[in-house]
Every structure is written in structure tokens, then in C-alpha cells.
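Q: What follows is entry-v8.tsv, made up of TSV, N, CA and C atoms and all ligand atoms:
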chain	number	residue	atom	x	y	z
A	1	MET	N	6.13	10.13	5.97
A	1	MET	CA	6.62	8.83	5.63
A	1	MET	C	8.11	8.67	5.87
A	2	GLY	N	8.65	9.20	6.94
A	2	GLY	CA	10.08	9.04	7.16
A	2	GLY	C	10.80	9.67	5.99
A	3	ALA	N	11.70	8.93	5.41
A	3	ALA	CA	12.32	9.39	4.17
A	3	ALA	C	11.28	9.32	3.07
A	4	TRP	N	11.23	10.34	2.25
A	4	TRP	CA	10.28	10.33	1.14
A	4	TRP	C	10.77	9.36	0.09
A	5	LEU	N	9.99	8.35	-0.17
A	5	LEU	CA	10.42	7.33	-1.11
A	5	LEU	C	9.45	7.12	-2.23
A	6	GLY	N	8.29	7.72	-2.12
A	6	GLY	CA	7.26	7.46	-3.11
A	6	GLY	C	7.32	8.42	-4.27
A	7	PRO	N	6.66	8.07	-5.36
A	7	PRO	CA	6.66	8.93	-6.54
A	7	PRO	C	5.66	10.07	-6.44
A	8	GLY	N	4.89	10.15	-5.40
A	8	GLY	CA	3.95	11.25	-5.30
A	8	GLY	C	2.71	10.87	-4.57
A	9	ASP	N	1.67	10.49	-5.30
A	9	ASP	CA	0.40	10.29	-4.64
A	9	ASP	C	-0.07	8.85	-4.69
A	10	MET	N	0.82	7.90	-4.84
A	10	MET	CA	0.37	6.52	-4.82
A	10	MET	C	1.10	5.75	-3.73
A	11	CYS	N	0.52	4.62	-3.40
A	11	CYS	CA	1.09	3.80	-2.34
A	11	CYS	C	2.43	3.23	-2.80
A	12	ILE	N	3.46	3.47	-2.00
A	12	ILE	CA	4.80	3.03	-2.41
A	12	ILE	C	4.97	1.52	-2.30
A	13	CYS	N	4.07	0.87	-1.59
A	13	CYS	CA	4.22	-0.57	-1.32
A	13	CYS	C	4.24	-1.41	-2.60
A	14	VAL	N	3.59	-0.95	-3.64
A	14	VAL	CA	3.51	-1.77	-4.86
A	14	VAL	C	4.88	-2.00	-5.48
A	15	ASP	N	5.85	-1.16	-5.10
A	15	ASP	CA	7.22	-1.33	-5.61
A	15	ASP	C	8.19	-1.71	-4.49
A	16	CYS	N	7.67	-2.33	-3.45
A	16	CYS	CA	8.51	-2.73	-2.30
A	16	CYS	C	8.63	-4.25	-2.25
A	17	ARG	N	9.80	-4.72	-1.92
A	17	ARG	CA	10.02	-6.18	-1.90
A	17	ARG	C	9.19	-6.89	-0.83
A	18	TRP	N	8.71	-6.13	0.19
A	18	TRP	CA	7.95	-6.75	1.27
A	18	TRP	C	6.46	-6.81	1.03
A	19	VAL	N	5.98	-6.30	-0.09
A	19	VAL	CA	4.54	-6.05	-0.25
A	19	VAL	C	3.66	-7.27	0.05
A	20	ASP	N	4.12	-8.46	-0.30
A	20	ASP	CA	3.29	-9.65	-0.10
A	20	ASP	C	3.53	-10.30	1.26
A	21	ARG	N	4.38	-9.67	2.11
A	21	ARG	CA	4.66	-10.23	3.44
A	21	ARG	C	4.42	-9.21	4.54
A	22	CYS	N	3.89	-8.05	4.19
A	22	CYS	CA	3.88	-6.91	5.11
A	22	CYS	C	2.52	-6.69	5.78
A	23	GLN	N	2.55	-6.55	7.09
A	23	GLN	CA	1.31	-6.36	7.85
A	23	GLN	C	0.67	-5.00	7.57
A	24	ALA	N	1.48	-3.98	7.32
A	24	ALA	CA	0.90	-2.65	7.04
A	24	ALA	C	0.19	-2.67	5.70
A	25	TYR	N	0.80	-3.28	4.70
A	25	TYR	CA	0.13	-3.33	3.40
A	25	TYR	C	-1.14	-4.18	3.47
A	26	HIS	N	-1.10	-5.19	4.29
A	26	HIS	CA	-2.28	-6.03	4.52
A	26	HIS	C	-3.44	-5.17	5.04
A	27	ALA	N	-3.13	-4.24	5.95
A	27	ALA	CA	-4.16	-3.35	6.50
A	27	ALA	C	-4.68	-2.40	5.41
A	28	VAL	N	-3.78	-1.94	4.55
A	28	VAL	CA	-4.21	-1.07	3.45
A	28	VAL	C	-5.15	-1.82	2.51
A	29	GLU	N	-4.80	-3.05	2.22
A	29	GLU	CA	-5.68	-3.87	1.37
A	29	GLU	C	-7.07	-4.01	1.99
A	30	ARG	N	-7.09	-4.23	3.29
A	30	ARG	CA	-8.37	-4.39	3.97
A	30	ARG	C	-9.19	-3.11	3.87
A	31	GLN	N	-8.54	-1.97	4.06
A	31	GLN	CA	-9.26	-0.69	3.97
A	31	GLN	C	-9.80	-0.45	2.56
A	32	HIS	N	-9.06	-0.90	1.57
A	32	HIS	CA	-9.49	-0.71	0.17
A	32	HIS	C	-10.50	-1.77	-0.25
A	33	GLY	N	-10.66	-2.80	0.58
A	33	GLY	CA	-11.60	-3.86	0.23
A	33	GLY	C	-11.14	-4.69	-0.95
A	34	VAL	N	-9.83	-4.85	-1.09
A	34	VAL	CA	-9.29	-5.65	-2.20
A	34	VAL	C	-8.74	-6.97	-1.66
A	35	PRO	N	-8.59	-7.97	-2.52
A	35	PRO	CA	-8.07	-9.27	-2.06
A	35	PRO	C	-6.65	-9.12	-1.51
A	36	HIS	N	-6.32	-9.91	-0.51
A	36	HIS	CA	-4.99	-9.87	0.07
A	36	HIS	C	-4.00	-10.65	-0.78
A	37	LEU	N	-2.77	-10.15	-0.85
A	37	LEU	CA	-1.71	-10.90	-1.52
A	37	LEU	C	-1.31	-12.10	-0.66
A	38	CYS	N	-1.50	-11.95	0.65
A	38	CYS	CA	-1.08	-12.98	1.60
A	38	CYS	C	-2.06	-12.95	2.77
A	39	ASP	N	-2.48	-14.11	3.25
A	39	ASP	CA	-3.45	-14.13	4.34
A	39	ASP	C	-2.84	-13.81	5.70
A	40	GLN	N	-1.61	-14.22	5.91
A	40	GLN	CA	-0.99	-14.00	7.22
A	40	GLN	C	0.43	-13.47	7.06
A	41	PRO	N	0.53	-12.19	6.72
A	41	PRO	CA	1.88	-11.61	6.54
A	41	PRO	C	2.64	-11.57	7.85
A	42	GLU	N	3.93	-11.88	7.80
A	42	GLU	CA	4.71	-11.95	9.05
A	42	GLU	C	5.62	-10.74	9.23
A	43	PHE	N	5.77	-9.91	8.19
A	43	PHE	CA	6.70	-8.79	8.30
A	43	PHE	C	6.00	-7.57	8.89
A	44	ARG	N	6.58	-7.04	9.98
A	44	ARG	CA	5.99	-5.86	10.62
A	44	ARG	C	6.93	-4.67	10.38
A	45	PRO	N	6.55	-3.75	9.53
A	45	PRO	CA	7.42	-2.59	9.29
A	45	PRO	C	7.47	-1.70	10.53
A	46	ARG	N	8.57	-0.96	10.67
A	46	ARG	CA	8.76	-0.18	11.90
A	46	ARG	C	7.80	1.00	12.01
A	47	GLN	N	7.84	1.90	11.06
A	47	GLN	CA	7.00	3.11	11.19
A	47	GLN	C	6.49	3.56	9.83
A	48	PRO	N	5.64	2.78	9.20
A	48	PRO	CA	5.12	3.27	7.92
A	48	PRO	C	4.24	4.49	8.15
A	49	ARG	N	4.32	5.46	7.27
A	49	ARG	CA	3.45	6.64	7.36
A	49	ARG	C	2.28	6.43	6.40
A	50	ILE	N	1.12	6.30	6.98
A	50	ILE	CA	-0.06	6.04	6.16
A	50	ILE	C	-0.83	7.33	5.96
A	51	HIS	N	-1.04	7.67	4.71
A	51	HIS	CA	-1.75	8.87	4.32
A	51	HIS	C	-3.22	8.52	4.15
A	52	VAL	N	-4.07	9.20	4.89
A	52	VAL	CA	-5.50	8.93	4.82
A	52	VAL	C	-6.19	10.13	4.19
A	53	GLN	N	-6.95	9.86	3.16
A	53	GLN	CA	-7.62	10.94	2.43
A	53	GLN	C	-9.11	10.66	2.42
A	54	VAL	N	-9.86	11.67	2.78
A	54	VAL	CA	-11.32	11.55	2.78
A	54	VAL	C	-11.85	12.33	1.59
A	55	HIS	N	-12.72	11.71	0.82
A	55	HIS	CA	-13.27	12.42	-0.34
A	55	HIS	C	-14.75	12.09	-0.51
A	56	GLU	N	-15.43	13.03	-1.13
A	56	GLU	CA	-16.87	12.83	-1.36
A	56	GLU	C	-17.10	11.91	-2.55
A	57	LEU	N	-18.09	11.07	-2.43
A	57	LEU	CA	-18.45	10.17	-3.52
A	57	LEU	C	-19.62	10.77	-4.30
A	58	PRO	N	-19.76	10.37	-5.56
A	58	PRO	CA	-20.84	10.93	-6.39
A	58	PRO	C	-22.23	10.74	-5.78
A	59	ASP	N	-22.40	9.68	-4.99
A	59	ASP	CA	-23.72	9.44	-4.40
A	59	ASP	C	-23.94	10.23	-3.11
A	60	GLY	N	-23.00	11.09	-2.77
A	60	GLY	CA	-23.15	11.91	-1.57
A	60	GLY	C	-22.49	11.30	-0.35
A	61	GLY	N	-22.00	10.08	-0.48
A	61	GLY	CA	-21.32	9.44	0.64
A	61	GLY	C	-19.88	9.94	0.75
A	62	VAL	N	-19.16	9.30	1.64
A	62	VAL	CA	-17.77	9.69	1.88
A	62	VAL	C	-16.88	8.46	1.71
A	63	GLY	N	-15.82	8.63	0.94
A	63	GLY	CA	-14.86	7.55	0.77
A	63	GLY	C	-13.57	7.87	1.50
A	64	VAL	N	-12.89	6.84	1.94
A	64	VAL	CA	-11.62	7.03	2.64
A	64	VAL	C	-10.56	6.21	1.92
A	65	GLU	N	-9.45	6.86	1.62
A	65	GLU	CA	-8.37	6.21	0.89
A	65	GLU	C	-7.14	6.12	1.78
A	66	TRP	N	-6.57	4.95	1.88
A	66	TRP	CA	-5.35	4.75	2.68
A	66	TRP	C	-4.20	4.44	1.73
A	67	ASP	N	-3.08	5.10	1.93
A	67	ASP	CA	-1.88	4.81	1.15
A	67	ASP	C	-0.66	4.97	2.03
A	68	VAL	N	0.30	4.09	1.88
A	68	VAL	CA	1.59	4.28	2.54
A	68	VAL	C	2.41	5.21	1.65
A	69	ARG	N	2.83	6.33	2.22
A	69	ARG	CA	3.58	7.31	1.43
A	69	ARG	C	5.07	7.33	1.80
A	70	ALA	N	5.42	6.76	2.93
A	70	ALA	CA	6.83	6.70	3.32
A	70	ALA	C	6.99	5.56	4.31
A	71	CYS	N	8.18	4.97	4.30
A	71	CYS	CA	8.39	3.83	5.19
A	71	CYS	C	9.89	3.56	5.29
A	72	PRO	N	10.42	3.51	6.51
A	72	PRO	CA	11.85	3.26	6.66
A	72	PRO	C	12.26	1.86	6.22
A	73	ASP	N	11.31	0.95	6.10
A	73	ASP	CA	11.63	-0.41	5.68
A	73	ASP	C	11.42	-0.65	4.18
A	74	PHE	N	11.04	0.41	3.48
A	74	PHE	CA	10.86	0.27	2.02
A	74	PHE	C	12.14	-0.25	1.39
A	75	GLN	N	12.01	-1.28	0.55
A	75	GLN	CA	13.15	-1.76	-0.23
A	75	GLN	C	12.70	-1.85	-1.68
A	76	SER	N	13.34	-1.08	-2.49
A	76	SER	CA	12.90	-0.95	-3.88
A	76	SER	C	12.94	-2.27	-4.64
A	77	ASP	N	11.81	-2.61	-5.20
A	77	ASP	CA	11.68	-3.78	-6.08
A	77	ASP	C	10.61	-3.40	-7.09
A	78	PRO	N	10.99	-2.56	-8.05
A	78	PRO	CA	10.00	-2.00	-8.97
A	78	PRO	C	9.15	-3.07	-9.66
A	79	GLY	N	7.84	-2.87	-9.59
A	79	GLY	CA	6.92	-3.77	-10.28
A	79	GLY	C	6.61	-5.05	-9.52
A	80	ARG	N	6.98	-5.13	-8.25
A	80	ARG	CA	6.76	-6.40	-7.53
A	80	ARG	C	5.27	-6.76	-7.46
A	81	TRP	N	4.43	-5.79	-7.12
A	81	TRP	CA	2.99	-6.09	-7.02
A	81	TRP	C	2.48	-6.62	-8.36
A	82	LEU	N	2.89	-5.98	-9.43
A	82	LEU	CA	2.40	-6.38	-10.76
A	82	LEU	C	2.88	-7.77	-11.14
A	83	ARG	N	4.07	-8.13	-10.72
A	83	ARG	CA	4.56	-9.49	-11.02
A	83	ARG	C	3.77	-10.54	-10.24
A	84	LEU	N	3.28	-10.13	-9.05
A	84	LEU	CA	2.47	-11.06	-8.25
A	84	LEU	C	1.05	-11.18	-8.78
A	85	ARG	N	0.58	-10.13	-9.44
A	85	ARG	CA	-0.79	-10.10	-9.97
A	85	ARG	C	-0.77	-9.67	-11.43
A	86	PRO	N	-0.13	-10.46	-12.27
A	86	PRO	CA	0.03	-10.04	-13.67
A	86	PRO	C	-1.31	-9.77	-14.35
A	87	GLY	N	-1.34	-8.68	-15.09
A	87	GLY	CA	-2.55	-8.36	-15.85
A	87	GLY	C	-3.58	-7.57	-15.07
A	88	GLU	N	-3.40	-7.42	-13.75
A	88	GLU	CA	-4.37	-6.66	-12.96
A	88	GLU	C	-3.93	-5.20	-12.84
A	89	ALA	N	-4.90	-4.34	-12.56
A	89	ALA	CA	-4.60	-2.93	-12.41
A	89	ALA	C	-3.86	-2.70	-11.09
A	90	VAL	N	-2.76	-2.00	-11.14
A	90	VAL	CA	-2.00	-1.71	-9.93
A	90	VAL	C	-2.79	-0.73	-9.06
A	91	PRO	N	-2.94	-1.04	-7.77
A	91	PRO	CA	-3.68	-0.09	-6.91
A	91	PRO	C	-2.96	1.24	-6.85
A	92	ALA	N	-3.72	2.31	-6.94
A	92	ALA	CA	-3.11	3.64	-6.93
A	92	ALA	C	-3.47	4.35	-5.64
B	101	LIG	S1	6.87	0.18	1.98
B	101	LIG	FE1	6.78	-0.37	4.15
B	101	LIG	S2	4.60	-0.65	4.55
B	101	LIG	FE2	4.87	-0.79	2.33
B	101	LIG	S3	5.19	-2.98	1.85
B	101	LIG	FE3	7.19	-2.03	2.14
B	101	LIG	S4	7.71	-2.42	4.28
B	101	LIG	FE4	5.48	-2.66	4.06
Once you've parsed the file, please lay out its structure as C-alpha cells.

A:
Amino acid sequence: MGAWLGPGDMCICVDCRWVDRCQAYHAVERQHGVPHLCDQPEFRPRQPRIHVQVHELPDGGVGVEWDVRACPDFQSDPGRWLRLRPGEAVPA
């Protein structure tokens, strides 16, 4: 992820000022099957590092998890996702 900016094993985008305008986060939302914060984000980050994790599901299937773990365009705005979706669980 370029410079390490995340707290560990969660997507750093939830605390980034671009989260509701970013094309990379839009792709992560699509992979997670969650509603988009924005239908047509216009911000294209330069080189986000997306961490892809494959894990077994209880039913024997396979799940894939996408998270941005580093990004040169990250701009700290703690809690931005939560302010946009108050009361909802922050994606991890
Ligand atoms: S950290 Fe990068 S990929 Fe994530 S929302 Fe911010 S600019 Fe987009």
C-alpha cells in the first residue's frame, strides 16, 4: 500500500476524505456487495494497494475479501464513512 497508513487489517478508506468520491473504494464496495456511497465517483486514486484475501466459508464455499491497505492519495479524515452512514456498522 505505498506508505503504510492503515491501522492493520481493515480498509483504510473508511477514514479517508475521498471515500465517497473514490473509484477504488467504489470497486471495493462492489466486491463486498454493499450499497455504494456514490453512484459515479469521479476521484481516481493513483496507486491504491488492494489486499485480497481468500477464505473458506462455513458452507464449504470460498469468500473473497477486498481491502485497501495503503494508498498514496489517502487523506486522513477519521470517521468520515461513519458520518456518511450514521448508525451503520463500519465495513472492516
Ligand atoms: S485511501 Fe485511497 S483508495 Fe481509499 S478512499 Fe482514499 S483515495 Fe480512495

Q: Report as a list of chain:residue names which protein, DNA and RNA residues come within 6.5 Å of ligand LIG 101 (chain B), using all atoms listed in the file.

A: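 Using all atoms listed in the file, everything at most 6.5 Å from ligand LIG 101 (chain B) comes to A:Ile12, A:Cys13, A:Val14, A:Cys16, A:Arg17, A:Trp18, A:Val19, A:Asp20, A:Cys22, A:Gln23, A:Ala24, A:Tyr25, A:Pro45, A:Pro48, A:Val68, A:Ala70, A:Cys71, A:Pro72, A:Asp73, A:Phe74, A:Gln75.
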
Q: Within 9 Å of A:Val90, counting only C-alpha atoms, which residues qualify if same-chain residues fewer than 5 places away don't, as JSON, numbers by chain?

A: {"A": [14, 81, 82, 85]}

Q: State, in Å with one decimal place, the distance from atom C of A:Glu65 to atom CA of A:Gly33.

A: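 Between atom C of A:Glu65 and atom CA of A:Gly33 the gap works out to 11.0 Å.
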
Q: Counting all atoms listed in the file, figure out which residue out of A:His51, A:Arg69, A:Arg83, A:Arg21 gets nearest to A:Cys38.

A: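 That would be A:Arg21, the residue with the smallest distance to A:Cys38.
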
Q: Quick one, how far is atom N of A:Arg44 from atom N of A:His26?

A: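 We find that atom N of A:Arg44 and atom N of A:His26 lie 9.7 Å from each other.
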
Q: Assign secondary structure with DSSP using the backbone only, and return the residues of chain A in strand (DSSP E) as a ChimeraX atom specification.

A: /A:49-56,62-70

Q: Go ahead and compute the interatomic distance for atom CA of A:Pro41 and atom CA of A:Ala27, in Å to one decimal.

A: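 Separation of atom CA of A:Pro41 and atom CA of A:Ala27: 10.2 Å.
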
Q: Using all atoms listed in the file, which residue out of A:Pro91, A:Leu37, A:Ser76, A:Asp67 lies closest to A:Ile50?

A: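 Among A:Pro91, A:Leu37, A:Ser76, A:Asp67, it is A:Asp67 that comes nearest to A:Ile50.
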
Q: Might I get the box with edges along x, y and z of the file that holds all atoms of stretch 13-30 of chain A listed there, padded by 4 Å on every side, given as centre and edge lengths in Å to one decimal, as JSON?

A:
{"center_x": 0.4, "center_y": -4.7, "center_z": 1.1, "size_x": 27.2, "size_y": 19.2, "size_z": 21.5}

Q: Which parts of stretch 26-60 of chain A does DSSP call alpha helix (DSSP H) when run on the backbone here, written out as a ChimeraX atom specification?

A: /A:26-32
